[in-house]
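What follows is the content of protein.csv (CSV, C-alpha atoms and all ligand atoms).
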chain,number,residue,atom,x,y,z
E,1,MET,CA,-25.6,-131.7,45.3
E,2,ASN,CA,-28.9,-133.4,45.5
E,3,LYS,CA,-32.1,-131.5,46.4
E,4,THR,CA,-31.9,-132.2,50.1
E,5,GLU,CA,-28.4,-130.8,50.2
E,6,LYS,CA,-29.4,-127.8,48.1
E,7,TYR,CA,-32.2,-127.0,50.6
E,8,MET,CA,-29.8,-127.4,53.6
E,9,GLN,CA,-27.4,-125.0,51.9
E,10,LEU,CA,-30.1,-122.6,51.0
E,11,ARG,CA,-31.4,-122.4,54.6
E,12,ALA,CA,-27.9,-121.7,55.9
E,13,GLN,CA,-27.4,-118.9,53.2
E,14,VAL,CA,-30.8,-117.4,54.0
E,15,ALA,CA,-30.0,-117.4,57.8
E,16,SER,CA,-26.7,-115.7,57.0
E,17,LEU,CA,-28.3,-113.0,54.9
E,18,MET,CA,-30.9,-112.3,57.5
E,19,GLU,CA,-28.2,-112.0,60.2
E,20,GLY,CA,-26.3,-109.3,58.2
E,21,GLU,CA,-29.2,-107.2,57.0
E,22,ASN,CA,-32.8,-106.4,58.1
E,23,ASP,CA,-34.1,-104.4,55.2
E,24,THR,CA,-37.2,-106.1,53.7
E,25,VAL,CA,-36.6,-105.4,50.0
E,26,ALA,CA,-32.9,-106.1,50.2
E,27,ASN,CA,-33.4,-109.4,51.8
E,28,LEU,CA,-36.3,-110.5,49.6
E,29,ALA,CA,-34.3,-109.6,46.5
E,30,ASN,CA,-31.3,-111.6,47.6
E,31,VAL,CA,-33.4,-114.6,48.7
E,32,ALA,CA,-35.2,-114.6,45.3
E,33,ALA,CA,-31.7,-114.6,43.6
E,34,LEU,CA,-30.5,-117.4,45.9
E,35,ILE,CA,-33.4,-119.7,45.3
E,36,HIS,CA,-33.4,-118.9,41.6
E,37,GLY,CA,-29.7,-119.5,41.2
E,38,THR,CA,-29.6,-122.7,43.3
E,39,PHE,CA,-32.3,-124.5,41.4
E,40,GLY,CA,-32.4,-122.8,38.0
E,41,PHE,CA,-36.1,-122.1,38.1
E,42,TRP,CA,-37.9,-120.1,35.4
E,43,TRP,CA,-39.3,-117.4,37.7
E,44,THR,CA,-38.8,-116.9,41.4
E,45,GLY,CA,-40.2,-114.0,43.4
E,46,PHE,CA,-42.4,-112.5,46.0
E,47,TYR,CA,-45.9,-110.9,45.9
E,48,LEU,CA,-46.6,-108.7,49.0
E,49,VAL,CA,-50.0,-108.3,50.6
E,50,ARG,CA,-51.2,-104.7,50.0
E,51,GLY,CA,-54.9,-104.3,51.2
E,52,ARG,CA,-57.0,-106.8,49.2
E,53,GLU,CA,-54.3,-107.4,46.5
E,54,LEU,CA,-50.9,-109.0,46.1
E,55,VAL,CA,-48.4,-106.6,44.6
E,56,LEU,CA,-45.3,-107.7,42.8
E,57,GLY,CA,-42.1,-107.6,44.9
E,58,PRO,CA,-38.5,-108.6,44.3
E,59,PHE,CA,-38.1,-111.4,41.8
E,60,GLN,CA,-35.8,-113.1,39.3
E,61,GLY,CA,-37.0,-114.0,35.8
E,62,PRO,CA,-39.2,-112.4,33.1
E,63,VAL,CA,-41.5,-109.4,33.6
E,64,ALA,CA,-44.6,-110.6,35.6
E,65,CYS,CA,-48.1,-109.5,36.5
E,66,THR,CA,-48.0,-106.7,39.0
E,67,ARG,CA,-51.3,-107.2,40.9
E,68,ILE,CA,-53.2,-110.3,41.9
E,69,PRO,CA,-56.6,-110.0,43.8
E,70,PHE,CA,-57.4,-112.1,46.9
E,71,GLY,CA,-58.5,-115.6,45.9
E,72,LYS,CA,-57.4,-115.3,42.3
E,73,GLY,CA,-54.8,-117.4,40.5
E,74,VAL,CA,-52.5,-119.7,42.4
E,75,CYS,CA,-51.0,-116.9,44.4
E,76,GLY,CA,-54.3,-115.4,45.5
E,77,THR,CA,-55.6,-118.9,46.4
E,78,ALA,CA,-52.6,-119.7,48.5
E,79,TRP,CA,-53.2,-116.3,50.3
E,80,GLN,CA,-56.9,-117.2,50.8
E,81,ARG,CA,-56.1,-120.6,52.1
E,82,ALA,CA,-53.0,-119.5,54.0
E,83,GLU,CA,-51.3,-122.7,52.8
E,84,THR,CA,-48.8,-123.9,50.3
E,85,ILE,CA,-50.1,-124.9,46.9
E,86,ILE,CA,-48.2,-127.2,44.5
E,87,VAL,CA,-49.5,-127.1,40.9
E,88,PRO,CA,-48.0,-130.0,38.8
E,89,ASP,CA,-49.7,-128.6,35.6
E,90,VAL,CA,-50.7,-125.0,35.5
E,91,GLU,CA,-53.2,-125.7,32.7
E,92,ALA,CA,-55.1,-128.0,35.1
E,93,PHE,CA,-55.5,-125.3,37.8
E,94,PRO,CA,-58.7,-123.4,37.4
E,95,GLY,CA,-58.1,-119.6,37.3
E,96,HIS,CA,-54.3,-119.9,37.0
E,97,ILE,CA,-52.9,-116.5,35.9
E,98,ALA,CA,-50.5,-117.0,33.1
E,99,CYS,CA,-47.9,-114.3,33.4
E,100,SER,CA,-45.6,-116.3,31.1
E,101,SER,CA,-46.8,-118.8,28.6
E,102,GLU,CA,-43.6,-120.8,29.3
E,103,SER,CA,-44.7,-121.7,32.9
E,104,ARG,CA,-45.8,-125.4,33.2
E,105,SER,CA,-45.8,-126.0,36.9
E,106,GLU,CA,-45.7,-123.8,40.0
E,107,ILE,CA,-45.5,-123.7,43.8
E,108,VAL,CA,-46.7,-120.9,46.0
E,109,VAL,CA,-45.7,-120.7,49.7
E,110,PRO,CA,-47.3,-118.1,52.0
E,111,ILE,CA,-45.2,-116.1,54.5
E,112,LEU,CA,-47.2,-116.3,57.6
E,113,ARG,CA,-47.2,-114.6,61.0
E,114,ASP,CA,-49.8,-115.6,63.6
E,115,GLY,CA,-51.9,-117.1,60.8
E,116,ASP,CA,-51.9,-113.9,58.7
E,117,VAL,CA,-50.4,-114.0,55.2
E,118,LEU,CA,-47.9,-111.2,54.8
E,119,ALA,CA,-46.6,-112.2,51.3
E,120,VAL,CA,-46.2,-115.2,49.1
E,121,LEU,CA,-43.2,-116.8,47.5
E,122,ASP,CA,-44.1,-117.9,44.0
E,123,ILE,CA,-41.9,-120.1,41.8
E,124,ASP,CA,-42.6,-121.2,38.2
E,125,SER,CA,-40.9,-124.0,36.3
E,126,ARG,CA,-40.9,-124.6,32.5
E,127,GLU,CA,-41.3,-128.3,33.2
E,128,LEU,CA,-44.3,-130.2,34.4
E,129,ALA,CA,-44.5,-131.5,38.0
E,130,THR,CA,-41.2,-129.9,39.2
E,131,PHE,CA,-42.3,-129.4,42.8
E,132,ASP,CA,-43.0,-132.0,45.5
E,133,GLU,CA,-43.4,-132.1,49.3
E,134,GLU,CA,-39.6,-131.7,49.8
E,135,ASP,CA,-39.8,-128.4,47.9
E,136,ALA,CA,-42.8,-127.4,50.0
E,137,ALA,CA,-41.0,-128.2,53.3
E,138,GLY,CA,-37.7,-126.5,52.2
E,139,LEU,CA,-39.5,-123.4,51.0
E,140,GLU,CA,-41.8,-123.2,54.0
E,141,ALA,CA,-38.7,-123.2,56.2
E,142,VAL,CA,-37.3,-120.3,54.2
E,143,ALA,CA,-40.6,-118.5,54.3
E,144,ALA,CA,-40.8,-118.9,58.1
E,145,SER,CA,-37.4,-117.2,58.5
E,146,LEU,CA,-38.6,-114.2,56.3
E,147,ALA,CA,-41.7,-113.4,58.4
E,148,GLU,CA,-39.7,-111.2,60.7
E,149,LEU,CA,-39.0,-108.8,57.8
E,150,PHE,CA,-42.7,-107.7,57.7
C,1,LIG,N1,-49.2,-117.9,38.0
C,1,LIG,C1,-49.4,-117.0,39.1
C,1,LIG,C2,-49.2,-115.6,38.8
C,1,LIG,C3,-47.9,-115.0,39.1
C,1,LIG,S1,-46.7,-115.5,37.9
C,1,LIG,O1,-46.6,-117.0,37.8
C,1,LIG,C4,-45.2,-114.9,38.2
C,1,LIG,C5,-50.8,-117.2,39.7
C,1,LIG,O2,-51.6,-117.9,39.1
C,1,LIG,O3,-51.1,-116.7,40.7
Taking this structure as input, can you express it in the form of structure tokens?
Amino acid sequence: MNKTEKYMQLRAQVASLMEGENDTVANLANVAALIHGTFGFWWTGFYLVRGRELVLGPFQGPVACTRIPFGKGVCGTAWQRAETIIVPDVEAFPGHIACSSESRSEIVVPILRDGDVLAVLDIDSRELATFDEEDAAGLEAVAASLAELF
């Protein structure tokens, strides 16, 4: 399967998960596993907005930082801007938070409702420049379907 086909399949699988279950943690956990397994990323998970911080939610991959302040790191910046951020080289992103020294590139996609960020989907790769606009569009579609969980 090419990337376009993988995103089509992913969207169908997420829709099917969401139809059968409405628990937030259960669905975020399975969606993290689906994305992680489909693409073989290094780390795939969610950070949930809790007051002025993001707190670690369901994920797949190595142990990660548990709290990220508003505006800090790639995740906190995506929250502040309420938009997707693609980072081709994490060392070139000022303030990047290195939960794992293996991470080389990253994408963070906010889950939005009425312009408010409810959570972010964060994905790390061990290779440089893994993520492009097709990933952003595919993951934003997934994020949009998850907003109803919050
Ligand atoms: N690199 C992220 C922190 C989270 S870990 O990648 C799982 C950041 O700069 O926000």
Polymer residues at most 10 Å from stretch 90-99 of chain E, all atoms listed in the file, same-chain spacing of 4 or more positions, as a short mmCIF file (atom, residue, chain, number, x, y, z; two decimals) with C-alpha atoms, in the coordinates of the input:
data_model
loop_
_atom_site.label_atom_id
_atom_site.label_comp_id
_atom_site.auth_asym_id
_atom_site.auth_seq_id
_atom_site.Cartn_x
_atom_site.Cartn_y
_atom_site.Cartn_z
CA PRO E 62 -39.20 -112.40 33.10
CA VAL E 63 -41.50 -109.40 33.60
CA ALA E 64 -44.60 -110.60 35.60
CA CYS E 65 -48.10 -109.50 36.50
CA THR E 66 -48.00 -106.70 39.00
CA ILE E 68 -53.20 -110.30 41.90
CA GLY E 71 -58.50 -115.60 45.90
CA LYS E 72 -57.40 -115.30 42.30
CA GLY E 73 -54.80 -117.40 40.50
CA VAL E 74 -52.50 -119.70 42.40
CA CYS E 75 -51.00 -116.90 44.40
CA GLY E 76 -54.30 -115.40 45.50
CA THR E 77 -55.60 -118.90 46.40
CA ILE E 86 -48.20 -127.20 44.50
CA SER E 103 -44.70 -121.70 32.90
CA ARG E 104 -45.80 -125.40 33.20
CA SER E 105 -45.80 -126.00 36.90
CA GLU E 106 -45.70 -123.80 40.00
CA ILE E 107 -45.50 -123.70 43.80
CA ASP E 124 -42.60 -121.20 38.20
CA SER E 125 -40.90 -124.00 36.30
CA LEU E 128 -44.30 -130.20 34.40
CA ALA E 129 -44.50 -131.50 38.00
#
ask   = Which is closer to E:Met1 than all the others in E:Phe39, E:Val142, E:Glu134, E:Phe150, using all atoms listed in the file?
value =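 Nearest candidate to E:Met1 out of E:Phe39, E:Val142, E:Glu134, E:Phe150: E:Phe39.
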key: Shell around E:Thr24 at 10 Å using only C-alpha atoms, local window under 6 positions removed, as a PyMOL selection string   = chain E and resi 18+58+146-150
key: Nearest-residue call for ligand LIG 1 (chain C), choices E:Leu56, E:Ile111, E:Ala137, E:Leu118, using only C-alpha atoms and all ligand atoms   =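 Between E:Leu56, E:Ile111, E:Ala137, E:Leu118, the residue approaching ligand LIG 1 (chain C) most closely is E:Leu56.
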task = Show which residues sit within 6 Å of E:Val55, as an MDAnalysis selection string. Count only C-alpha atoms, and ignore same-chain residues fewer than 3 positions away.
result = chainID E and resid 47:48 66:67
message = Please determine, counting all atoms listed in the file, which residue among E:Asp122, E:Glu19, E:Glu53, E:Glu133 has the shortest atom-to-atom distance to E:Ile35.
response =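 Among E:Asp122, E:Glu19, E:Glu53, E:Glu133, it is E:Asp122 that comes nearest to E:Ile35.
Reported to one decimal place, the separation of atom CA of E:Thr130 from atom CA of E:Trp42 is 11.0 Å.
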message = If I take atom CA of E:Pro88 and atom CA of E:Phe131, how far is one from the other in Å, to one decimal?
response = 7.0 Å
Among listed residues E:Glu102, E:Asp89, E:Glu83, E:Glu5, nearest E:Val120 (using all atoms listed in the file) =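 Ranking E:Glu102, E:Asp89, E:Glu83, E:Glu5 by distance to E:Val120, first place goes to E:Glu83.
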query = Which one of E:Arg81, E:His36, E:Arg11, E:Lys3 sits closest to E:Val117 if you count all atoms listed in the file?
reply = E:Arg81
Two-atom distance - atom C3 of ligand LIG 1 (chain C), atom CA of E:Val108 (Å) =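 Separation between atom C3 of ligand LIG 1 (chain C) and atom CA of E:Val108: 9.2 Å.
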inquiry  = From the options E:Ala78, E:Ala26, E:Ala15, E:Leu139, which residue's atoms come nearest to ligand LIG 1 (chain C), counting only C-alpha atoms and all ligand atoms?
reply    =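 Among the listed residues, E:Ala78 lies closest to ligand LIG 1 (chain C).
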